[in-house]
Structures are given as structure tokens and as C-alpha cells.
Amino acid sequence: MADRMTKQQRHLCMSHIRSKDTKPEVAVRKGLFAAGFRYRLNVSALPGTPDIVLKKYHTVIFVNGCFWHGHGGCRHFVLPQTNRQFWQDKIERNIRRDAAVKTRLEALGWKVIVLWECELNTVARRAETLPALTARILENAREYEQEQAARRALRKERRKEKEGKETRRRCLEEEVGRRYHVPGRIVRASMDSDDDILSQ
């Protein structure tokens, strides 16, 4: 179907679309606040400047427009007929950028949630999406705590292993010193040299 707008009209229309404080974003914020969550907005220190950051739950939320972020299979994602190749290239770049941002955030330990405009554009949709969102945030927090607990346990195990090695080393130094009447500093120097050779 031919685009009913001229290039100038299409440009003007697209330029008026908000990138922040969109209706879907505001709906999510209100829903989270009503559920007792507190958050920060548009944190530029994080990759991609997430729309909503819940530090306590180690979760970030992006509220994506279906057109601008290329929501595949969504009826809201329809490329304009005017300057079609330009828009296709632009949306594909956005999709690649979104994927890269998600990877970077996850590498930093953040849980990433992406909500789509079409999931929030009616009262009925919001009634489904927002409760599921709050449940997912709480689940993210539990997963993060489990991951942190596992890391702490691993660090503790490594410390114990290191302390055990140090204890055995001291005992061996004392035994060699007593048995062969070798000064402790010489025993330690010899053992350090052996450790260096074994580590190569």
C-alpha cells in the first residue's frame, strides 16, 4: 500500500514521537510505584540508558516502541512506504544496538526486562502485563541473591583452600628446620623457589 504522506509529512510525524516519558513508560512507572517498587529513570551511567532501573532488585527495564525497536510479528511494526530502505536500515541498526546493550548489561550482572508498547496500549493488556512484570522482578531478585550466595560460597571455599595450603607449608617448614637444623629463612626461600618452578 502506498504511503499517504509525503516525505516532509512523514519526517514531521516521526520527529514528534517521544523517546522519553511515553504513555507506556508512564503506565509501567505508575504500576510499579503502586506495587511498592522504587526506581530511577534513564540512568545514563548504564549501557543503553535503561528507562527504569530497580537497583535493589538488580533489574533494568526497557519500554520499547514496537516500530522503533522492530517488534517482529507485531501489527504496530509496519515500515512506511516512503523512504522504505532508510527506515529498514535504521530499525535493523536499532535491533543490533538493543542486543549489544542487553549483552553488556547482563555481563555487568543486571537482569534485563524488555516490555513492548503493544503489551501496554490498552487497560486489558496492562492488567495482564504489570502483575507479570512485578512477579518477574521479584524472581530476578531471588536469582541474583542465589548467584551472589554461590559466589560467596566459592570465595569462602577458595580462602579455606588457601589457608590450608599455608598451614601445611608452615608445618613443613618447621619439620624441615627441626630435622635438618636449617634456618627458617633458608627453608622458605627454597620452598618459594620450588613453587616458582612448579608454576611455570
# chains A, B, ... in the order shown; residues from 1 in each chain; ligands from 1
call {"tool": "select_by_dssp", "arguments": {"residues": "stretch 4-197 of chain A", "states": "strand (DSSP E or B)", "output": "ChimeraX atom specification"}}
result
/A:40-41,52-54,59-64,111-116
call {"tool": "residues_around", "arguments": {"residues": "stretch 113-124 of chain A", "least_positions_apart": "5", "cutoff": "8 Å", "atoms": "only C-alpha atoms", "output": "PyMOL selection string"}}
result
chain A and resi 24+27+59-66+71+74+76+129
call {"tool": "residues_around", "arguments": {"residues": "stretch 138-143 of chain A", "least_positions_apart": "4", "cutoff": "9 Å", "atoms": "only C-alpha atoms", "output": "list in words"}}
result
Lys56, Tyr57, His58, Thr59, Lys111, Leu133, Thr134, Glu147 and Gln148 of chain A
call {"tool": "atom_distance", "arguments": {"atom1": "atom CA of A:Gly48", "atom2": "atom CA of A:Trp68"}}
result
14.6 Å
call {"tool": "select_by_dssp", "arguments": {"residues": "stretch 23-192 of chain A", "states": "helix (DSSP H, G or I)", "output": "MDAnalysis selection string"}}
result
chainID A and resid 23:34 55:57 84:107 117:119 123:180 184:192
call {"tool": "write_last_selection", "arguments": {"atoms": "C-alpha atoms", "output": "compact mmCIF listing (two decimals), in the first residue's frame"}}
result
# COMPACT_ATOMS: atom_id res chain seq x y z
CA LYS A 23 2.42 6.67 27.68
CA PRO A 24 3.59 3.03 28.00
CA GLU A 25 6.56 4.13 30.16
CA VAL A 26 4.35 6.20 32.43
CA ALA A 27 1.91 3.30 32.77
CA VAL A 28 4.74 0.99 33.85
CA ARG A 29 6.07 3.52 36.36
CA LYS A 30 2.65 4.01 37.91
CA GLY A 31 2.10 0.27 38.12
CA LEU A 32 5.47 -0.32 39.77
CA PHE A 33 5.02 2.54 42.21
CA ALA A 34 1.57 1.28 43.19
CA LYS A 55 18.86 -1.25 41.85
CA LYS A 56 17.54 -3.16 44.85
CA TYR A 57 16.34 -5.93 42.54
CA ARG A 84 11.41 2.43 2.97
CA GLN A 85 15.07 1.39 2.74
CA PHE A 86 16.11 4.18 5.08
CA TRP A 87 13.66 3.04 7.73
CA GLN A 88 14.54 -0.60 7.32
CA ASP A 89 18.25 0.11 7.80
CA LYS A 90 17.52 2.33 10.79
CA ILE A 91 15.35 -0.27 12.54
CA GLU A 92 17.90 -3.01 11.90
CA ARG A 93 20.59 -0.85 13.49
CA ASN A 94 18.33 -0.31 16.48
CA ILE A 95 17.78 -4.05 16.84
CA ARG A 96 21.52 -4.75 16.75
CA ARG A 97 22.17 -1.97 19.25
CA ASP A 98 19.49 -3.31 21.61
CA ALA A 99 21.04 -6.78 21.50
CA ALA A 100 24.51 -5.37 22.23
CA VAL A 101 23.19 -3.29 25.14
CA LYS A 102 21.44 -6.33 26.64
CA THR A 103 24.66 -8.34 26.42
CA ARG A 104 26.66 -5.59 28.14
CA LEU A 105 24.14 -5.18 30.94
CA GLU A 106 23.98 -8.91 31.58
CA ALA A 107 27.77 -9.03 31.67
CA GLU A 117 4.32 -0.88 23.53
CA CYS A 118 1.67 -3.37 22.35
CA GLU A 119 1.71 -5.05 25.78
CA VAL A 123 -6.26 -1.33 30.02
CA ALA A 124 -6.76 -5.06 29.50
CA ARG A 125 -3.20 -5.55 28.26
CA ARG A 126 -1.77 -3.60 31.19
CA ALA A 127 -3.85 -5.68 33.60
CA GLU A 128 -2.03 -8.75 32.26
CA THR A 129 1.44 -7.28 31.79
CA LEU A 130 2.02 -5.37 35.02
CA PRO A 131 1.35 -8.22 37.50
CA ALA A 132 3.58 -10.49 35.43
CA LEU A 133 6.24 -7.77 35.47
CA THR A 134 6.24 -7.44 39.25
CA ALA A 135 6.49 -11.22 39.63
CA ARG A 136 9.43 -11.29 37.25
CA ILE A 137 11.23 -8.52 39.13
CA LEU A 138 10.91 -10.45 42.39
CA GLU A 139 12.11 -13.61 40.67
CA ASN A 140 15.11 -11.68 39.30
CA ALA A 141 15.96 -10.57 42.83
CA ARG A 142 15.82 -14.16 44.09
CA GLU A 143 18.01 -15.37 41.24
CA TYR A 144 20.52 -12.58 41.88
CA GLU A 145 20.72 -13.44 45.59
CA GLN A 146 21.25 -17.11 44.74
CA GLU A 147 24.02 -16.20 42.32
CA GLN A 148 25.65 -13.97 44.92
CA ALA A 149 25.38 -16.69 47.57
CA ALA A 150 27.04 -19.16 45.21
CA ARG A 151 29.87 -16.70 44.54
CA ARG A 152 30.34 -16.09 48.26
CA ALA A 153 30.47 -19.82 48.93
CA LEU A 154 33.06 -20.28 46.18
CA ARG A 155 35.21 -17.45 47.56
CA LYS A 156 34.96 -18.94 51.04
CA GLU A 157 35.99 -22.35 49.74
CA ARG A 158 38.97 -20.85 47.95
CA ARG A 159 40.03 -18.98 51.09
CA LYS A 160 39.83 -22.18 53.12
CA GLU A 161 41.87 -24.00 50.50
CA LYS A 162 44.49 -21.26 50.51
CA GLU A 163 44.62 -21.20 54.31
CA GLY A 164 45.02 -24.99 54.34
CA LYS A 165 47.95 -24.77 51.95
CA GLU A 166 49.58 -22.09 54.08
CA THR A 167 49.12 -24.20 57.22
CA ARG A 168 50.65 -27.26 55.58
CA ARG A 169 53.51 -25.14 54.30
CA ARG A 170 54.29 -23.76 57.76
CA CYS A 171 54.20 -27.24 59.27
CA LEU A 172 56.58 -28.49 56.60
CA GLU A 173 58.95 -25.57 57.17
CA GLU A 174 59.03 -26.30 60.89
CA GLU A 175 59.57 -30.02 60.34
CA VAL A 176 62.45 -29.46 57.91
CA GLY A 177 64.02 -26.90 60.23
CA ARG A 178 63.86 -29.24 63.23
CA ARG A 179 65.04 -32.32 61.41
CA TYR A 180 67.91 -30.82 59.45
CA GLY A 184 63.64 -20.99 58.61
CA ARG A 185 64.51 -18.25 56.12
CA ILE A 186 66.52 -20.73 54.02
CA VAL A 187 63.71 -23.29 54.09
CA ARG A 188 61.20 -20.65 52.99
CA ALA A 189 63.47 -19.41 50.21
CA SER A 190 63.93 -22.96 48.95
CA MET A 191 60.19 -23.67 49.01
CA ASP A 192 59.43 -20.38 47.25
